Amino acid sequence: MLTCASQSAAQTVPKAEDESRHDKPVARSQAGFLSKPQQEHIEVVASRRDLTGRAQTANQGSITAKELQMRPAYRVGQILEAIPGLVVTTHSGEGKANQFLLRGFNLDHGTDLATFVDDMPINGATNAHGQGYTDINFLIPELLGGVDYTKGPFYADIGDFGVAGSDHMKLASEVPRQISASAGTLGDYRVYAGGTTRFKNGDRWVNAFTWQHADGPWRYPDNARTLRAISHFTHGDDRNGFDLTGMFYRGQWRATNDQPLEAMHNGMIGRFGSLDPTDGGFAERYSLSGHYRMVGDNWKWVTSAFASHNRMTLWNNFTHYLDDPANGDQHQQDETRTMLGGTSTYSRNDHIGRFESDTSVGVQGRYDILYVDRRHTHERVALRDCPGSLNDSGQYACNADNINLGAVGFFVQNTTHWLPWLRTVVGLREDYQGGTDNNLIDGSRTTKHQWLFQPKGSLIFGPWKRTELYLSAGRGYHSNDFRSVSGSYNSGEFTSVSVPLMTSAVSGEIGVRTTPVDHFHMQAAVFIIDFDSELSYDGDDGVNSPGPASRREGVEFSAQYNPLPWLEFNTDLSFARARYRTHDPAYYGIDGLFVTNAPKFVWSFGVLADSHGPWYGSLQVRWLGGYPLVEDNSLRSSGYQEVNMMVGYRFTKNLRLEANVFNMFNSRGYAAQYAYDYRLTPTSVESSGATGHPIEPVSARFTLTANF
């Protein structure tokens with residue numbers, strides 16, 4: 001599924017880049033609102049760009065900075081809900097990585113959704129809390145210039161974690177000088193200051209800083225405190241030049257994790273209460289990244305590099321008194337990670353006879369140096385024992401590992417225009433991953449490596465009368481937690497399943513995009529995804545464990561209508577069916593074939609309105625359909641519905657006030673639900689049932705912004 005912008009919005013793309021067919025569509029940097037096309041002198045509200053004639057598949061898209069600025073988002077991660085069919089929610093405190101759901105996948109904290117910021121990969125391989133853990137709390141939304149997204153393993157330049165989809169968040173090379181202050185009814189406060197310094201030679205230097213605090217509605221307030229800072233220097237432009245970016249983030253919080261519904265129903269805790277108010281976390285991140293670009297008459301070379309350092313600690317108690325009735329089941333998960341890497345891509349446009357051919361050749365590399373451990377704790381104090389764990393070392397650490405991970409990907413992709421209405425995209429990718437795990441508990445050392453070949457391609461017919469048809473197929477993968485690779489997944493007393501470094505998936509898709517009438521764009525796709533093994537998170541051991549093979553079949557639809565240049569209506573609808581592919585589910589320790597937490601459907605509806613008079617605003621409706629909590633479908637979540645709204649008023653050119661209303665109809669749904677075995681008190685019997693993290697009740701946030 002792909003969403004598009006209006007024709008008027010497409011005209012705002014610089015002509016030189018719009019005509020370079022071999023360039024991947026990129027969400028351009030936009031400071032403030034879309035600038036007026038000189039030939040029409042109108043302002044256009046447009047959430048997504050029209051990629052007809054340029055896209056590789058039916059599900060590729062580019063979201064404008066305009067929508068990101070106007071979208072009402074309770075937390076920073078929810079700006080990614082602008083991607084059609086993607087749900088971004090949470091089951092814990094404000095500082096923890098979000099939960100992502102897409103194409104019938106419960107992506108946990110990011111598995112199978114490859115996320116990039118300034119071309120830095122964000123997914124944490126072999127993370128302390130989940131494979132592909134994607135924490136984007138370090139972002140400052142005012143500095144985003146747009147988001148490019150894909151779905152499916154059909155793109156040669158996207159490797160690990162990209163099977164369900166990917167998103168590339170771009171930083172703006174220029175933002176207005178402004179300060180803003182906001183306050184909300186749920187104890188959230190934020191101060192922002194940022195702007196651009198322009199030099200005589202055209203260079204731009206963007207700097208921004210935020211401080212934020214959030215409590216939420218919880219019986220034990222989150223007391224989340226964050227500092228963020230970004231410095232972004234640009235020389236030249238997207239064709240020739242370079243840029244450098246430094247980022248810093250630090251956050252601390254208390255967390256109300258998903259709680260047993262039984263405890264809410266019997267009155268032990270209220271709807272916003274917690275059985276363990278000492279859950280929470282700490283995160284710190286700083287990074288340096290940059291790009292170097294060169295362009296010739298028919299070629300382009302882009303090289304990027306990055307270095308980042310992260311620290312993270314999480315305290316979680318999901319099973320309460322199940323394993324340790326005396327002290328409780330809280331666990332501390334620690335990680336320290338240094339990551340180095342980069343990408344270099346050479347692209348060229350050639351004419352072979354009467355055929356136009358675009359070719360890209362590239363290499364990507366990444367090296368992670370990390371320490372990761374898990375400890376049994378009581379009120380955040382480490383204990384010597386590890387009840388319920390395969391390891392009871394008495395060393396204040398249930399698991400502790402020093403791990404080095406290396407990954408290299410080589411790719412080539414060619415697009416050939418055989419006829420005005422026919423083009424093909426053929427991609428080949430080869431990935432290598434290897435690593436070493438030094439187990440600090442038993443002193444063992446494990447070394448593993450693997451190669452994986454991935455062909456990809458699309459056949460594209462059109463455009464005919466502003467309509468294109470896409471046939472796409474490809475192979476992709478996600479990497480597995482190296483701690484499970486270095487051993488095996490215990491699925492029974494006498495059997496085990498070997499865990500590869502990379503688990504592959506194959507996918508096929510048929511899609512269409514069309515503009516049946518002016519200013520009305522539609523996209524639709526039918527897809528199937530087969531994974532060799534489904535990942536599920538083991539909260540006790542703190543790793544993702546592979547299970548049986550799975551299949552997802554689905555249909556996606558998206559539409560956008562701009563009846564007036566200042567008004568847009570958009571909607572996205574996605575259906576998916578997720579099942580395990582095995583004749584013996586008991587072999588994997590499960591009771592059925594339903595993939596847990598895989599939503600059946602997602603629907604969203606949005607309105608954007610900005611005539612560039614005093615008033616402007618937006619409305620967003622999100623409906624996450626029901627999903628099974630256990631494999632035999634005997635316990636289910638009904639999902640949730642939520643309506644958010646933003647209204648703004650410009651007092652002058654340089655002063656405006658915005659009011660956001662979240663969950664305006666006070667939905668009492670749960671943002672996330674799971675099924676756990678647990679014990680509510682030290683003396684209660686063991687229980688099994690649903691847990692839930694409630695959606696925040698109706699609330700408001702007011703923001704005053706001044707330009708200078």
# chains A, B, ... in the order shown; residues from 1 in each chain; ligands from 1

call {"tool": "residues_around", "arguments": {"residues": "A:Ile510", "least_positions_apart": "2", "cutoff": "6 Å", "atoms": "only C-alpha atoms", "output": "VMD selection string"}}
result
chain A and resid 470 to 471 525 to 526

call {"tool": "write_last_selection", "arguments": {"atoms": "C-alpha atoms", "output": "PDB file, in the first residue's frame"}}
result
ATOM      1  CA  TYR A 470       2.711  -3.637  -9.596  1.00  0.00           C
ATOM      2  CA  LEU A 471       3.767  -7.265  -9.243  1.00  0.00           C
ATOM      3  CA  ALA A 525      -2.264  -4.149  -2.375  1.00  0.00           C
ATOM      4  CA  VAL A 526      -2.747  -7.856  -1.690  1.00  0.00           C
TER       5      VAL A 526
END

call {"tool": "select_by_dssp", "arguments": {"residues": "stretch 404-563 of chain A", "states": "strand (DSSP E or B)", "output": "PyMOL selection string"}}
result
chain A and resi 404-419+422-439+445-464+467-479+489-490+496-497+502-517+520-531+535-538+543-546+550-563

call {"tool": "write_last_selection", "arguments": {"atoms": "C-alpha atoms", "output": "tab-separated table (two decimals), in the first residue's frame"}}
result
chain	number	residue	atom	x	y	z
A	404	ASN	CA	30.62	-8.40	19.28
A	405	LEU	CA	28.42	-8.39	16.17
A	406	GLY	CA	29.46	-7.60	12.62
A	407	ALA	CA	27.19	-7.24	9.58
A	408	VAL	CA	27.92	-6.43	5.93
A	409	GLY	CA	25.42	-6.19	3.11
A	410	PHE	CA	26.17	-5.91	-0.63
A	411	PHE	CA	23.38	-4.95	-3.01
A	412	VAL	CA	22.72	-4.07	-6.64
A	413	GLN	CA	19.45	-2.90	-8.12
A	414	ASN	CA	18.48	-2.11	-11.70
A	415	THR	CA	15.39	-0.39	-13.07
A	416	THR	CA	14.88	-0.68	-16.83
A	417	HIS	CA	12.20	1.24	-18.73
A	418	TRP	CA	11.39	-1.14	-21.60
A	419	LEU	CA	8.40	0.80	-22.86
A	422	LEU	CA	6.51	-1.01	-18.74
A	423	ARG	CA	9.47	-1.10	-16.40
A	424	THR	CA	11.18	-3.75	-14.28
A	425	VAL	CA	13.06	-3.52	-11.00
A	426	VAL	CA	15.53	-6.32	-10.24
A	427	GLY	CA	17.54	-6.40	-7.02
A	428	LEU	CA	20.12	-8.76	-5.53
A	429	ARG	CA	21.42	-8.60	-1.99
A	430	GLU	CA	23.95	-10.69	-0.07
A	431	ASP	CA	24.27	-10.31	3.70
A	432	TYR	CA	26.95	-11.58	6.04
A	433	GLN	CA	26.57	-11.60	9.81
A	434	GLY	CA	28.99	-12.93	12.37
A	435	GLY	CA	29.66	-12.52	16.03
A	436	THR	CA	31.24	-13.69	19.25
A	437	ASP	CA	29.50	-14.20	22.58
A	438	ASN	CA	31.60	-14.29	25.75
A	439	ASN	CA	29.32	-15.68	28.45
A	445	ARG	CA	32.83	-18.43	24.22
A	446	THR	CA	30.76	-18.97	21.07
A	447	THR	CA	31.49	-17.78	17.52
A	448	LYS	CA	28.91	-17.98	14.70
A	449	HIS	CA	28.54	-16.59	11.18
A	450	GLN	CA	26.14	-16.90	8.23
A	451	TRP	CA	25.61	-15.69	4.65
A	452	LEU	CA	22.16	-15.06	3.15
A	453	PHE	CA	21.31	-14.38	-0.51
A	454	GLN	CA	18.15	-12.39	-1.28
A	455	PRO	CA	16.70	-11.83	-4.76
A	456	LYS	CA	14.00	-9.17	-5.18
A	457	GLY	CA	12.06	-7.65	-8.03
A	458	SER	CA	9.00	-5.86	-9.36
A	459	LEU	CA	7.18	-5.73	-12.70
A	460	ILE	CA	5.37	-2.42	-13.22
A	461	PHE	CA	2.74	-1.71	-15.87
A	462	GLY	CA	1.71	1.87	-16.55
A	463	PRO	CA	0.94	4.55	-16.05
A	464	TRP	CA	-2.21	4.32	-18.13
A	467	THR	CA	-2.90	4.18	-13.10
A	468	GLU	CA	-0.04	1.74	-12.40
A	469	LEU	CA	-0.09	-2.00	-11.63
A	470	TYR	CA	2.71	-3.64	-9.60
A	471	LEU	CA	3.77	-7.27	-9.24
A	472	SER	CA	6.45	-7.67	-6.56
A	473	ALA	CA	8.31	-10.56	-4.92
A	474	GLY	CA	11.35	-10.87	-2.73
A	475	ARG	CA	13.25	-12.47	0.10
A	476	GLY	CA	14.27	-10.73	3.32
A	477	TYR	CA	15.20	-11.58	6.89
A	478	HIS	CA	15.53	-10.57	10.49
A	479	SER	CA	18.54	-11.42	12.62
A	489	TYR	CA	15.74	-22.94	21.93
A	490	ASN	CA	14.41	-25.58	24.35
A	496	SER	CA	15.32	-28.45	20.47
A	497	VAL	CA	15.23	-26.07	17.52
A	502	MET	CA	19.35	-14.82	10.14
A	503	THR	CA	15.81	-16.11	9.69
A	504	SER	CA	14.55	-15.60	6.15
A	505	ALA	CA	11.12	-14.69	4.81
A	506	VAL	CA	9.65	-14.62	1.32
A	507	SER	CA	6.85	-12.35	0.21
A	508	GLY	CA	4.73	-11.59	-2.83
A	509	GLU	CA	2.44	-8.67	-3.57
A	510	ILE	CA	0.04	-7.40	-6.22
A	511	GLY	CA	-0.77	-3.71	-6.03
A	512	VAL	CA	-2.22	-0.75	-7.85
A	513	ARG	CA	-2.17	3.00	-7.52
A	514	THR	CA	-4.49	5.29	-9.40
A	515	THR	CA	-5.79	8.83	-9.65
A	516	PRO	CA	-9.31	8.33	-11.03
A	517	VAL	CA	-10.20	12.02	-10.67
A	520	PHE	CA	-7.99	11.92	-5.45
A	521	HIS	CA	-5.35	9.22	-5.06
A	522	MET	CA	-5.88	5.57	-4.19
A	523	GLN	CA	-3.55	2.64	-3.57
A	524	ALA	CA	-4.34	-1.00	-2.86
A	525	ALA	CA	-2.26	-4.15	-2.37
A	526	VAL	CA	-2.75	-7.86	-1.69
A	527	PHE	CA	0.23	-9.53	0.00
A	528	ILE	CA	1.49	-12.80	1.44
A	529	ILE	CA	4.50	-13.22	3.76
A	530	ASP	CA	6.01	-16.57	4.79
A	531	PHE	CA	8.52	-16.53	7.65
A	535	LEU	CA	9.90	-14.67	17.03
A	536	SER	CA	8.24	-14.38	20.42
A	537	TYR	CA	9.53	-12.52	23.47
A	538	ASP	CA	10.40	-14.54	26.57
A	543	VAL	CA	15.43	-12.84	24.88
A	544	ASN	CA	13.37	-13.43	21.76
A	545	SER	CA	12.82	-17.11	21.08
A	546	PRO	CA	12.11	-18.52	17.62
A	550	SER	CA	4.26	-18.52	9.98
A	551	ARG	CA	2.20	-17.05	7.14
A	552	ARG	CA	0.45	-13.71	6.77
A	553	GLU	CA	-2.08	-12.90	4.09
A	554	GLY	CA	-3.56	-9.46	3.82
A	555	VAL	CA	-5.18	-6.64	1.91
A	556	GLU	CA	-4.36	-2.94	2.27
A	557	PHE	CA	-6.15	0.13	0.95
A	558	SER	CA	-5.26	3.81	1.17
A	559	ALA	CA	-6.80	6.99	-0.23
A	560	GLN	CA	-6.18	10.72	-0.10
A	561	TYR	CA	-8.46	13.48	-1.35
A	562	ASN	CA	-7.67	17.18	-1.62
A	563	PRO	CA	-10.97	18.85	-2.60

call {"tool": "atom_distance", "arguments": {"atom1": "atom CA of A:Gly152", "atom2": "atom CA of A:Asp591"}}
result
28.9 Å

call {"tool": "atom_distance", "arguments": {"atom1": "atom CA of A:Tyr249", "atom2": "atom CA of A:His213"}}
result
13.6 Å

call {"tool": "residues_around", "arguments": {"residues": "stretch 179-183 of chain A", "least_positions_apart": "6", "cutoff": "12 Å", "atoms": "only C-alpha atoms", "output": "PyMOL selection string"}}
result
chain A and resi 142+189-195+207-215+654-660+699-708

call {"tool": "write_last_selection", "arguments": {"atoms": "N, CA and C atoms", "output": "compact mmCIF listing (two decimals), in the first residue's frame"}}
result
# COMPACT_ATOMS: atom_id res chain seq x y z
N GLU A 142 10.31 18.73 15.69
CA GLU A 142 10.42 19.96 14.90
C GLU A 142 11.53 19.89 13.86
N TYR A 189 4.93 18.60 30.53
CA TYR A 189 5.46 19.93 30.26
C TYR A 189 6.64 19.80 29.31
N ARG A 190 6.79 20.79 28.43
CA ARG A 190 7.88 20.72 27.46
C ARG A 190 8.31 22.13 27.07
N VAL A 191 9.62 22.31 26.93
CA VAL A 191 10.20 23.55 26.43
C VAL A 191 11.09 23.22 25.25
N TYR A 192 10.95 23.97 24.17
CA TYR A 192 11.75 23.74 22.96
C TYR A 192 12.35 25.07 22.52
N ALA A 193 13.59 25.02 22.07
CA ALA A 193 14.25 26.17 21.44
C ALA A 193 15.09 25.66 20.29
N GLY A 194 14.95 26.28 19.13
CA GLY A 194 15.72 25.83 17.97
C GLY A 194 15.69 26.85 16.85
N GLY A 195 16.55 26.64 15.87
CA GLY A 195 16.60 27.53 14.73
C GLY A 195 17.79 27.26 13.85
N ASN A 207 20.37 24.07 15.19
CA ASN A 207 20.55 23.66 16.57
C ASN A 207 19.20 23.65 17.27
N ALA A 208 18.99 22.66 18.13
CA ALA A 208 17.72 22.57 18.85
C ALA A 208 17.94 21.86 20.18
N PHE A 209 17.08 22.22 21.13
CA PHE A 209 17.17 21.66 22.47
C PHE A 209 15.76 21.53 23.04
N THR A 210 15.47 20.43 23.76
CA THR A 210 14.20 20.30 24.46
C THR A 210 14.42 19.73 25.86
N TRP A 211 13.53 20.17 26.77
CA TRP A 211 13.40 19.55 28.09
C TRP A 211 11.95 19.16 28.24
N GLN A 212 11.69 17.98 28.78
CA GLN A 212 10.32 17.51 28.85
C GLN A 212 10.10 16.71 30.13
N HIS A 213 8.88 16.82 30.66
CA HIS A 213 8.48 16.06 31.84
C HIS A 213 7.08 15.51 31.59
N ALA A 214 6.82 14.27 32.04
CA ALA A 214 5.50 13.68 31.87
C ALA A 214 5.18 12.78 33.04
N ASP A 215 3.95 12.89 33.55
CA ASP A 215 3.47 12.03 34.63
C ASP A 215 2.47 11.00 34.15
N ASN A 654 4.30 35.58 13.71
CA ASN A 654 5.34 34.97 14.54
C ASN A 654 4.84 34.41 15.86
N LEU A 655 3.52 34.36 16.07
CA LEU A 655 3.02 33.87 17.34
C LEU A 655 1.77 33.03 17.11
N ARG A 656 1.76 31.81 17.64
CA ARG A 656 0.60 30.94 17.47
C ARG A 656 0.38 30.09 18.72
N LEU A 657 -0.86 29.64 18.88
CA LEU A 657 -1.25 28.78 19.99
C LEU A 657 -1.92 27.54 19.43
N GLU A 658 -1.53 26.38 19.95
CA GLU A 658 -2.13 25.11 19.54
C GLU A 658 -2.70 24.40 20.74
N ALA A 659 -3.85 23.75 20.52
CA ALA A 659 -4.47 22.92 21.54
C ALA A 659 -4.67 21.52 20.98
N ASN A 660 -4.13 20.54 21.65
CA ASN A 660 -4.31 19.13 21.28
C ASN A 660 -5.23 18.46 22.28
N SER A 699 -7.49 13.96 27.54
CA SER A 699 -6.56 14.95 28.08
C SER A 699 -6.32 16.03 27.03
N ALA A 700 -5.71 17.11 27.47
CA ALA A 700 -5.43 18.23 26.56
C ALA A 700 -4.01 18.72 26.79
N ARG A 701 -3.44 19.28 25.74
CA ARG A 701 -2.11 19.88 25.81
C ARG A 701 -2.14 21.19 25.03
N PHE A 702 -1.56 22.24 25.60
CA PHE A 702 -1.55 23.56 24.99
C PHE A 702 -0.11 23.99 24.74
N THR A 703 0.15 24.49 23.53
CA THR A 703 1.50 24.88 23.14
C THR A 703 1.50 26.28 22.57
N LEU A 704 2.35 27.13 23.10
CA LEU A 704 2.53 28.49 22.60
C LEU A 704 3.89 28.57 21.92
N THR A 705 3.90 29.00 20.65
CA THR A 705 5.13 29.03 19.85
C THR A 705 5.36 30.44 19.33
N ALA A 706 6.60 30.90 19.48
CA ALA A 706 6.97 32.23 18.99
C ALA A 706 8.17 32.10 18.08
N ASN A 707 8.09 32.67 16.88
CA ASN A 707 9.23 32.75 15.97
C ASN A 707 9.99 34.04 16.23
N PHE A 708 11.28 34.00 15.96
CA PHE A 708 12.09 35.20 16.18
C PHE A 708 13.20 35.28 15.15

call {"tool": "residues_around", "arguments": {"residues": "stretch 100-113 of chain A", "least_positions_apart": "4", "cutoff": "6 Å", "atoms": "only C-alpha atoms", "output": "VMD selection string"}}
result
chain A and resid 86 to 88 131 to 134 161 to 166 576 597 to 599

call {"tool": "write_last_selection", "arguments": {"atoms": "C-alpha atoms", "output": "JSON list (two decimals), in the first residue's frame"}}
result
[["chain", "number", "residue", "atom", "x", "y", "z"],
["A", 86, "LEU", "CA", 1.21, 1.23, 11.23],
["A", 87, "VAL", "CA", 0.10, 1.35, 14.87],
["A", 88, "VAL", "CA", 2.50, 2.84, 17.43],
["A", 131, "GLN", "CA", 15.43, -8.23, 19.22],
["A", 132, "GLY", "CA", 15.32, -5.11, 17.04],
["A", 133, "TYR", "CA", 14.48, -2.82, 19.99],
["A", 134, "THR", "CA", 13.74, 0.59, 18.44],
["A", 161, "PHE", "CA", 14.51, -6.11, 10.18],
["A", 162, "GLY", "CA", 12.89, -4.88, 6.94],
["A", 163, "VAL", "CA", 10.43, -7.71, 6.16],
["A", 164, "ALA", "CA", 7.24, -6.02, 7.37],
["A", 165, "GLY", "CA", 8.43, -2.53, 6.48],
["A", 166, "SER", "CA", 10.95, 0.25, 6.94],
["A", 576, "ALA", "CA", -4.33, -9.46, 7.77],
["A", 597, "ASN", "CA", -0.94, -10.25, 19.33],
["A", 598, "ALA", "CA", -1.30, -10.14, 15.53],
["A", 599, "PRO", "CA", -4.10, -7.63, 14.76]]

call {"tool": "closest_atom_pairs", "arguments": {"of": "stretch 91-200 of chain A", "to": "stretch 290-296 of chain A", "cutoff": "12 Å", "atoms": "only C-alpha atoms", "output": "Markdown table"}}
result
| residue | atom | partner | partner_atom | distance |
| --- | --- | --- | --- | --- |
| A:Val117 | CA | A:Gly290 | CA | 11.2 |
| A:Asp118 | CA | A:Gly290 | CA | 7.9 |
| A:Asp119 | CA | A:Gly290 | CA | 8.7 |
| A:Met120 | CA | A:Gly290 | CA | 9.3 |
| A:Leu171 | CA | A:Gly290 | CA | 11.3 |

call {"tool": "residues_around", "arguments": {"residues": "A:Gly280", "least_positions_apart": "6", "cutoff": "8 Å", "atoms": "only C-alpha atoms", "output": "NGL selection string"}}
result
:A and (93 or 252-256 or 314-316)

call {"tool": "write_last_selection", "arguments": {"atoms": "N, CA and C atoms", "output": "PDB file, in the first residue's frame"}}
result
ATOM      1  N   GLY A  93       6.232   2.649  30.480  1.00  0.00           N
ATOM      2  CA  GLY A  93       6.445   4.065  30.735  1.00  0.00           C
ATOM      3  C   GLY A  93       6.861   4.836  29.503  1.00  0.00           C
ATOM      4  N   GLN A 252      14.845   9.382  32.134  1.00  0.00           N
ATOM      5  CA  GLN A 252      14.597   8.557  33.300  1.00  0.00           C
ATOM      6  C   GLN A 252      13.089   8.520  33.538  1.00  0.00           C
ATOM      7  N   TRP A 253      12.558   7.392  34.016  1.00  0.00           N
ATOM      8  CA  TRP A 253      11.119   7.309  34.206  1.00  0.00           C
ATOM      9  C   TRP A 253      10.758   6.149  35.139  1.00  0.00           C
ATOM     10  N   ARG A 254       9.545   6.275  35.707  1.00  0.00           N
ATOM     11  CA  ARG A 254       8.886   5.161  36.366  1.00  0.00           C
ATOM     12  C   ARG A 254       7.895   4.579  35.370  1.00  0.00           C
ATOM     13  N   ALA A 255       7.619   3.290  35.455  1.00  0.00           N
ATOM     14  CA  ALA A 255       6.765   2.660  34.449  1.00  0.00           C
ATOM     15  C   ALA A 255       5.615   1.912  35.109  1.00  0.00           C
ATOM     16  N   THR A 256       4.410   2.145  34.593  1.00  0.00           N
ATOM     17  CA  THR A 256       3.275   1.293  34.916  1.00  0.00           C
ATOM     18  C   THR A 256       3.123   0.328  33.750  1.00  0.00           C
ATOM     19  N   LEU A 314      16.344  -1.273  32.275  1.00  0.00           N
ATOM     20  CA  LEU A 314      14.902  -1.420  32.444  1.00  0.00           C
ATOM     21  C   LEU A 314      14.630  -2.294  33.659  1.00  0.00           C
ATOM     22  N   TRP A 315      13.622  -1.893  34.465  1.00  0.00           N
ATOM     23  CA  TRP A 315      13.126  -2.719  35.550  1.00  0.00           C
ATOM     24  C   TRP A 315      11.686  -3.107  35.217  1.00  0.00           C
ATOM     25  N   ASN A 316      11.426  -4.407  35.070  1.00  0.00           N
ATOM     26  CA  ASN A 316      10.107  -4.900  34.703  1.00  0.00           C
ATOM     27  C   ASN A 316       9.707  -6.055  35.609  1.00  0.00           C
TER      28      ASN A 316
END

call {"tool": "atom_distance", "arguments": {"atom1": "atom CA of A:Ile590", "atom2": "atom CA of A:Glu631"}}
result
6.4 Å

call {"tool": "closest_residue", "arguments": {"among": "A:Asn240, A:Ser533, A:Thr691, A:Thr336", "to": "A:Ala283", "atoms": "only C-alpha atoms"}}
result
A:Thr336

call {"tool": "residues_around", "arguments": {"residues": "A:Pro217", "least_positions_apart": "5", "cutoff": "10 Å", "atoms": "only C-alpha atoms", "output": "list in words"}}
result
Thr185, Leu186, Gly187, Asp222, Arg271, Phe272, Gly273, Pro694, Ile695, Glu696, Pro697, Val698 and Ser699 of chain A

call {"tool": "select_by_dssp", "arguments": {"residues": "stretch 186-309 of chain A", "states": "alpha helix (DSSP H)", "output": "list of chain:residue names"}}
result
A:Leu261, A:Glu262, A:Ala263, A:Met264, A:His265

call {"tool": "closest_residue", "arguments": {"among": "A:Val621, A:Ile140, A:Ala672, A:Val630", "to": "A:Lys170", "atoms": "only C-alpha atoms"}}
result
A:Ile140

call {"tool": "closest_residue", "arguments": {"among": "A:His612, A:Arg285, A:His519, A:Arg48", "to": "A:Gln60", "atoms": "only C-alpha atoms"}}
result
A:Arg48

call {"tool": "residues_around", "arguments": {"residues": "stretch 396-400 of chain A", "least_positions_apart": "3", "cutoff": "7 Å", "atoms": "only C-alpha atoms", "output": "number ranges by chain"}}
result
A: 372-376, 382-386, 391-393, 439-441

call {"tool": "write_last_selection", "arguments": {"atoms": "C-alpha atoms", "output": "PDB file, in the first residue's frame"}}
result
ATOM      1  CA  VAL A 372      24.095  -7.070  28.149  1.00  0.00           C
ATOM      2  CA  ASP A 373      22.834  -8.651  31.352  1.00  0.00           C
ATOM      3  CA  ARG A 374      19.721  -9.546  33.334  1.00  0.00           C
ATOM      4  CA  ARG A 375      19.410  -9.475  37.120  1.00  0.00           C
ATOM      5  CA  HIS A 376      16.717 -10.500  39.588  1.00  0.00           C
ATOM      6  CA  ALA A 382      19.861  -6.765  42.741  1.00  0.00           C
ATOM      7  CA  LEU A 383      19.485 -10.140  44.444  1.00  0.00           C
ATOM      8  CA  ARG A 384      21.848 -13.103  44.283  1.00  0.00           C
ATOM      9  CA  ASP A 385      19.355 -15.727  43.113  1.00  0.00           C
ATOM     10  CA  CYS A 386      17.563 -16.135  39.767  1.00  0.00           C
ATOM     11  CA  ASN A 391      20.768 -20.267  35.401  1.00  0.00           C
ATOM     12  CA  ASP A 392      20.900 -19.805  39.167  1.00  0.00           C
ATOM     13  CA  SER A 393      24.471 -18.631  39.447  1.00  0.00           C
ATOM     14  CA  ASN A 439      29.323 -15.677  28.454  1.00  0.00           C
ATOM     15  CA  LEU A 440      30.423 -14.065  31.713  1.00  0.00           C
ATOM     16  CA  ILE A 441      28.470 -16.525  33.858  1.00  0.00           C
TER      17      ILE A 441
END

call {"tool": "closest_residue", "arguments": {"among": "A:Leu68, A:Asp160, A:Gly281, A:Arg177", "to": "A:Ala97", "atoms": "only C-alpha atoms"}}
result
A:Gly281
